[in-house]
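In what follows, a single structure is set out as structure tokens and then discussed.
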Amino acid sequence: MPLPLYLLALAVFAMGTSEFMLAGLLPDIALDLGVTVGTAGSLTSAYAIGMIVGAPLVAASARNWPRRPALLGFLLAFAAAHAVGALSTSFALLFSTRVVAALANAGFLAVALTAAATLVPPDRKGRALAVLLSGTTLATIAGVPGGAVLGAEAGWQATFWAVAALCLPAAVGILADTPAAHDEHEATGKPALRTELAQLARPRLILVMLLGALVNAGTFGGLTFLAPVVTDTAGLGELWVSVALVLFGAGSFVGVTVAGRLSDRNPGPVVALAGPSLLVGWPALAVLAHEPAALLPLVFAQGALSFALGSTLIARVLHEAAGAPTMAGSYATAALNAGAAVGPVAAGATLGTEAGPLGPLYAAGLLVGAALLIAFPFRRVVTGARREGARL
């Protein structure tokens, strides 16, 4: 894999850390800025919505920019938003910086996903995507727990400063090593924006975007409410929440790495194996959650299966959106974050039911089940087979 791809992954690591780090910082932010924890939680919603809306809008605005300046501009805007956020003394200003950071993140990821696909031959797109998304999975392993520890020791502002600092080496690397040769080709060979937007009318593209969103909704629905399962159901101490999150992140890294190597050549077995296994895994995690010896390995397995299936489906989005070379990354980004926004809401609605803290795990299973039911009649489309069993 080319060096620029790893530099993009470093930036994605910083952005992934930012997206998920507030889970451990909300109480301190609320106390510092004089708001309730519930109000502080709207910072997470603002970020997710900014990602969903921002991905296509920012990508459309930046499609005529050369790739290297676009990546650098988005990354520096993201870093600046965190620097201003660290200096914020009002909740309204901090809220605004989260929206700006989300828009910059969406723009960067949309361009980076497209760039990653063009840095390698067509038969290695899935592996390139795996390298890029490894930045997000590594953020859940190291960035988020590290940010929580830093915030506890030095204040939540220190975590914001750390994320801004992480952007600097990635910015230098992008400026020095991201090739500009592709920019000239894209400037002369890209289709009109109307043509690229028309790709969204293709049923095949809509299908894989929907499936990617549903699987990601299950992933974030289960992950968001994992802490009470660890402490209340399993009866483990607070420290074990971090252990469980690291295990989920480690599993996600394994899953996206393995799937990336397989999905280019033959994504069928990945979908066929990971899909049903993930469907069974979420309710199994709920049933066995009271046994720590079973809970922790299952958390690792669900992380691996979730990202193996999710990254394969997102790779399919890029393949199906090949007719939209400057917008394909934004379609994939929107699908990912639609799931990240909807999943926790759907899962959180189950907390007041008889299932209690285990409700989100069952909800995650239902979301994956819905994806598999929708996918089954069109399984040849989903797996990239040349002859579709159901026409689209």
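Just remember, in the structure tokens the first chain shown is A, the second B, etc., residues are 1-based per chain, and ligands are 1-based in the order shown.
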
Pull the closest atom pair for each residue of stretch 320-380 of chain A that gets at most 12 Å from stretch 219-226 of chain A, along with the distance in Å to one decimal, counting only C-alpha atoms, ordering rows by chain and then ascending residue number, as a tab-separated table.
```
residue	atom	partner	partner_atom	distance
A:Leu336	CA	A:Phe220	CA	10.2
A:Asn337	CA	A:Phe220	CA	9.8
A:Ala338	CA	A:Phe220	CA	10.6
A:Gly339	CA	A:Phe220	CA	7.5
A:Ala340	CA	A:Phe220	CA	5.6
A:Ala341	CA	A:Phe220	CA	8.3
A:Val342	CA	A:Gly221	CA	8.0
A:Gly343	CA	A:Gly221	CA	4.3
A:Pro344	CA	A:Gly221	CA	4.2
A:Val345	CA	A:Gly221	CA	7.4
A:Ala346	CA	A:Gly221	CA	7.1
A:Ala347	CA	A:Gly221	CA	5.1
A:Gly348	CA	A:Gly221	CA	7.5
A:Ala349	CA	A:Gly221	CA	10.3
A:Thr350	CA	A:Gly221	CA	10.4
A:Leu351	CA	A:Phe225	CA	9.2
A:Gly356	CA	A:Phe225	CA	10.8
A:Pro357	CA	A:Phe225	CA	7.4
A:Leu358	CA	A:Phe225	CA	8.7
A:Gly359	CA	A:Gly222	CA	9.0
A:Pro360	CA	A:Gly222	CA	5.4
A:Leu361	CA	A:Gly222	CA	5.1
A:Tyr362	CA	A:Gly222	CA	8.3
A:Ala363	CA	A:Gly221	CA	7.3
A:Ala364	CA	A:Gly222	CA	5.6
A:Gly365	CA	A:Gly222	CA	8.7
A:Leu366	CA	A:Gly221	CA	10.6
A:Leu367	CA	A:Thr219	CA	9.0
A:Val368	CA	A:Thr219	CA	8.7
```

Problem set entry | Residues within 12 Å of A:Leu210, only C-alpha atoms, excluding chain neighbours under 5 positions, as number ranges by chain | A: 200, 203-205, 215-217, 310, 313-314, 316-317, 331-332, 334-339, 367-368, 370-372, 374-375, 382

For this session: Determine, counting only C-alpha atoms, which protein, DNA and RNA residues have an atom within 9 Å of an atom of stretch 288-299 of chain A; residues of the same chain fewer than 5 positions away are not included. Present the result as a PyMOL selection string.
Result: chain A and resi 229-230+232-236+243-245+247-248+251+281-283+304+358

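Interatomic distance, atom CA of A:Thr312 against atom CA of A:Leu57: 24.6 Å.
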